[in-house]
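A.B. asks: One structure coming up, written as structure tokens, with questions to follow.
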Amino acid sequence: MPELPEVETVVRSLAPHLIGRRIVQAAFTSKFVTPGNRSKLAARLAGRTIVGIQRRGKFILLALDQGTLVVHLGMTGRLLLDGAPAGEHIYGVFALDRGVLRYQDPRQFGRIEWNPRRIARLGPEPLEIGVQEFSKRLRARKARVKPLLLDQSFLAGLGNIYADEALFAAGIHPLAVASRLSAARAARLHQAIRDVLTLAIEHRGSSISDYVDGHGGRGWFQVLHNVYGREGQPCARCGSAIRKITAAGRGTHFCPNCQRR
DNA sequence: CCGAAGACCTGCTGGC
DNA sequence: TGCCAGCAGGTCTTCG
């Protein structure tokens with residue numbers, strides 16, 4: 001579910017309500033979301049104060065006065081402040097000195113962990129890397145461009161929606177070989193990624209089925225999708241029917257006319 | 001190094 | 001109407 005724009009929106013919606021709060025008590029009830037010793041994790045959090053919250057790739061980093069708690073929302077994870085409608089599938093509860101934060105996740109693909117090693121293996125932030133560095137990294141790889149964009153150690157934060165949308169904006173076929181892209185096309189892709197992510201953040205992310213921010217609010221970038229979820233519909237640029245194929249095991253949407261091999 | 005496939009979960013939908 | 005295969009915004013492991 002949540003890619004960089006959604007996670008960024010969640011972080012921004014939570015920050016004013018969480019920073020400075022003390023965790024009075026925590027409880028976890030899923031062996032998938034919180035692998036390992038759940039009561040030990042809860043004990044470690046009790047009494048800690050939240051001093052900061054930030055995003056790294058698709059991860060949420062909750063900086064505490066001692067240590068860092070890392071949350072990944074997986075496909076259907078939500079962090080909800082009190083007042084946001086919750087319901088079923090609550091697998092984490094953080095009782096704060098003022099208010100409550102809940103973790104909801106029907107599919108339990110998300111993770112709540114203490115200093116996971118995966119963070120260290122993340123690639124650069126797409127909104128921070130410069131065009132030269134991006135182009136160099138991209139053209140050094142023989143992989144197909146779509147699977148590469150989904151590789152979090154190559155670039156941290158893109159997922160299936162924004163990879164497809166960025167490739168459309170850049171006019172690049174998802175199965176193009178990265179090392180064979182010209183410098184000009186690599187630069188176009190760099191700019192397209194920046195544009196798509198920035199616009200999506202401005203629209204508070206894409207809400208297709210599950211995604212909401214910390215208050216339960218939906219995003220609306222989905223109305224601006226050009227290819228994702230638009231199989232068979234006319235391309236906004238040229239009118240050709242949008243096609244859907246499988247790449248990297250994921251549904252991949254593109255315009256066969258605007259994105260030639 | 002690269003890609004495909006299967007695994008981890010639950011819920012919804014589209015086609016028969 | 002009702003059932004079930006297939007699919008879903010993510011990531012990891014295994015295998016060729």
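By order in the structure tokens, chains are A, B, ...; within a chain, residues start at 1; ligands start at 1, following the order shown.
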Per residue of chain A within 7 Å of chain C, record the nearest atom pair and its distance in Å to one decimal, counting only C-alpha atoms (C1' of nucleotides), with rows in chain order and ascending residue number, as a tab-separated table.
C.D. replies:
residue	atom	partner	partner_atom	distance
A:Met1	CA	C:DG9	C1'	2.7
A:Pro2	CA	C:DG9	C1'	5.3
A:Glu3	CA	C:DG9	C1'	6.8
A:Gly74	CA	C:DG10	C1'	5.1
A:Met75	CA	C:DG10	C1'	5.7
A:Asn160	CA	C:DG9	C1'	6.7
A:Ile161	CA	C:DG9	C1'	6.8
A.B. asks: Just want the 12 Å neighbourhood of Phe32 of chain A, counted on only C-alpha atoms (C1' of nucleotides), with same-chain residues fewer than 3 positions away dropped. Output as a list in words.
C.D. replies: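 Residues meeting the cut-off are Phe28, Thr29, Pro35, Gly36, Asn37, Arg38, Gly74, Tyr91, Gly92, Asp105, Pro106, Arg107, Gln108, Phe109, Gly110, Arg111, Ile112 and Glu113 of chain A; DC8 and DC9 of chain B.
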A.B. asks: Measure the distance from atom CA of Ser30 of chain A to atom CA of Ile90 of chain A in Å and round it to one decimal.
C.D. replies: 8.9 Å
A.B. asks: Taking only segment 43-239 of chain A into account, list the residues labelled alpha helix (DSSP H) by DSSP (computed from the backbone), as a PyMOL selection string.
C.D. replies: chain A and resi 43-45+131-139+145-150+160-170+183-202
A.B. asks: With only C-alpha atoms (C1' of nucleotides) as the basis for distance, which of A:Arg185, A:Arg243, A:Arg250, A:Arg261 is at the shortest distance from DA5 of chain B?
C.D. replies: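 Once distances to DA5 of chain B are computed over only C-alpha atoms (C1' of nucleotides), the minimum belongs to A:Arg250.
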A.B. asks: Quick check: residues of chain B within 10 Å of chain A, only C-alpha atoms (C1' of nucleotides), returned as a ChimeraX atom specification.
C.D. replies: /B:1-5,8-12
A.B. asks: Hey, can you check how far atom CA of Gln132 of chain A sits from atom CA of Asn257 of chain A?
C.D. replies: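 Result for atom CA of Gln132 of chain A versus atom CA of Asn257 of chain A: 28.2 Å, one decimal.
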A.B. asks: I'd like the interatomic distance between atom CA of Arg137 of chain A and atom CA of Val10 of chain A, to a tenth of an Å.
C.D. replies: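 It comes out at 29.3 Å.
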A.B. asks: Skipping near chain neighbours, those fewer than 2 positions away, what residues fall within 8 Å of Val196 of chain A using only C-alpha atoms (C1' of nucleotides), listed as a ChimeraX atom specification?
C.D. replies: /A:162,165-166,169,192-194,198-200
A.B. asks: Could you pull the residues within 10 Å of Arg204 of chain A, counting only C-alpha atoms (C1' of nucleotides), minus those fewer than 3 positions along the same chain, as number ranges by chain?
C.D. replies: A: 5-10, 12-13, 198-201, 207, 212-213, 217-221
A.B. asks: Please produce an output containing N, CA, C and O atoms for each residue in the selection, written as an mmCIF file, in the first residue's frame.
C.D. replies:
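The resulting file, part35.cif, is reproduced below:
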data_model
loop_
_atom_site.group_PDB
_atom_site.id
_atom_site.type_symbol
_atom_site.label_atom_id
_atom_site.label_comp_id
_atom_site.auth_asym_id
_atom_site.auth_seq_id
_atom_site.Cartn_x
_atom_site.Cartn_y
_atom_site.Cartn_z
ATOM 1 N N PRO A 5 5.190 8.793 -0.883
ATOM 2 C CA PRO A 5 4.281 9.910 -0.602
ATOM 3 C C PRO A 5 3.293 9.618 0.525
ATOM 4 O O PRO A 5 2.972 10.507 1.320
ATOM 5 N N GLU A 6 2.822 8.364 0.599
ATOM 6 C CA GLU A 6 1.884 8.004 1.658
ATOM 7 C C GLU A 6 2.585 8.007 3.017
ATOM 8 O O GLU A 6 2.056 8.521 4.004
ATOM 9 N N VAL A 7 3.784 7.434 3.062
ATOM 10 C CA VAL A 7 4.515 7.385 4.327
ATOM 11 C C VAL A 7 4.885 8.798 4.783
ATOM 12 O O VAL A 7 4.769 9.136 5.962
ATOM 13 N N GLU A 8 5.279 9.636 3.837
ATOM 14 C CA GLU A 8 5.598 11.021 4.159
ATOM 15 C C GLU A 8 4.372 11.738 4.738
ATOM 16 O O GLU A 8 4.476 12.486 5.719
ATOM 17 N N THR A 9 3.211 11.470 4.146
ATOM 18 C CA THR A 9 1.978 12.097 4.623
ATOM 19 C C THR A 9 1.615 11.618 6.028
ATOM 20 O O THR A 9 1.197 12.405 6.884
ATOM 21 N N VAL A 10 1.806 10.325 6.267
ATOM 22 C CA VAL A 10 1.539 9.784 7.603
ATOM 23 C C VAL A 10 2.447 10.453 8.627
ATOM 24 O O VAL A 10 1.988 10.913 9.686
ATOM 25 N N ARG A 12 3.979 13.340 8.515
ATOM 26 C CA ARG A 12 3.612 14.750 8.727
ATOM 27 C C ARG A 12 2.342 14.883 9.550
ATOM 28 O O ARG A 12 2.205 15.818 10.341
ATOM 29 N N SER A 13 1.399 13.957 9.343
ATOM 30 C CA SER A 13 0.136 14.052 10.092
ATOM 31 C C SER A 13 0.326 13.652 11.557
ATOM 32 O O SER A 13 -0.381 14.140 12.435
ATOM 33 N N THR A 198 6.643 14.518 -5.781
ATOM 34 C CA THR A 198 6.315 15.826 -5.206
ATOM 35 C C THR A 198 4.827 16.130 -5.346
ATOM 36 O O THR A 198 4.165 16.556 -4.396
ATOM 37 N N LEU A 199 4.297 15.853 -6.541
ATOM 38 C CA LEU A 199 2.875 16.096 -6.780
ATOM 39 C C LEU A 199 2.014 15.178 -5.905
ATOM 40 O O LEU A 199 0.978 15.596 -5.368
ATOM 41 N N ALA A 200 2.465 13.931 -5.752
ATOM 42 C CA ALA A 200 1.703 12.974 -4.943
ATOM 43 C C ALA A 200 1.685 13.392 -3.473
ATOM 44 O O ALA A 200 0.661 13.276 -2.797
ATOM 45 N N ILE A 201 2.812 13.902 -2.976
ATOM 46 C CA ILE A 201 2.853 14.374 -1.588
ATOM 47 C C ILE A 201 1.893 15.548 -1.416
ATOM 48 O O ILE A 201 1.162 15.634 -0.432
ATOM 49 N N SER A 207 -5.066 7.018 -2.315
ATOM 50 C CA SER A 207 -5.922 6.106 -1.542
ATOM 51 C C SER A 207 -6.743 5.274 -2.501
ATOM 52 O O SER A 207 -7.722 5.757 -3.082
ATOM 53 N N VAL A 212 -4.790 5.522 4.564
ATOM 54 C CA VAL A 212 -5.221 6.790 5.168
ATOM 55 C C VAL A 212 -4.079 7.335 6.021
ATOM 56 O O VAL A 212 -3.164 6.599 6.388
ATOM 57 N N ASP A 213 -4.122 8.627 6.334
ATOM 58 C CA ASP A 213 -3.100 9.223 7.193
ATOM 59 C C ASP A 213 -3.441 8.987 8.669
ATOM 60 O O ASP A 213 -4.355 8.232 8.988
ATOM 61 N N GLY A 217 -7.618 10.306 7.246
ATOM 62 C CA GLY A 217 -7.932 11.051 6.023
ATOM 63 C C GLY A 217 -7.343 10.386 4.786
ATOM 64 O O GLY A 217 -6.224 9.890 4.816
ATOM 65 N N ARG A 218 -8.099 10.391 3.697
ATOM 66 C CA ARG A 218 -7.647 9.776 2.453
ATOM 67 C C ARG A 218 -6.835 10.747 1.604
ATOM 68 O O ARG A 218 -6.991 11.962 1.725
ATOM 69 N N GLY A 219 -5.985 10.189 0.759
ATOM 70 C CA GLY A 219 -5.272 11.005 -0.218
ATOM 71 C C GLY A 219 -6.097 11.064 -1.492
ATOM 72 O O GLY A 219 -7.100 10.356 -1.609
ATOM 73 N N TRP A 220 -5.692 11.876 -2.442
ATOM 74 C CA TRP A 220 -6.477 11.922 -3.684
ATOM 75 C C TRP A 220 -5.616 11.990 -4.930
ATOM 76 O O TRP A 220 -6.073 12.364 -5.992
ATOM 77 N N PHE A 221 -4.353 11.564 -4.836
ATOM 78 C CA PHE A 221 -3.513 11.545 -6.033
ATOM 79 C C PHE A 221 -3.990 10.488 -7.038
ATOM 80 O O PHE A 221 -3.689 10.574 -8.227
#
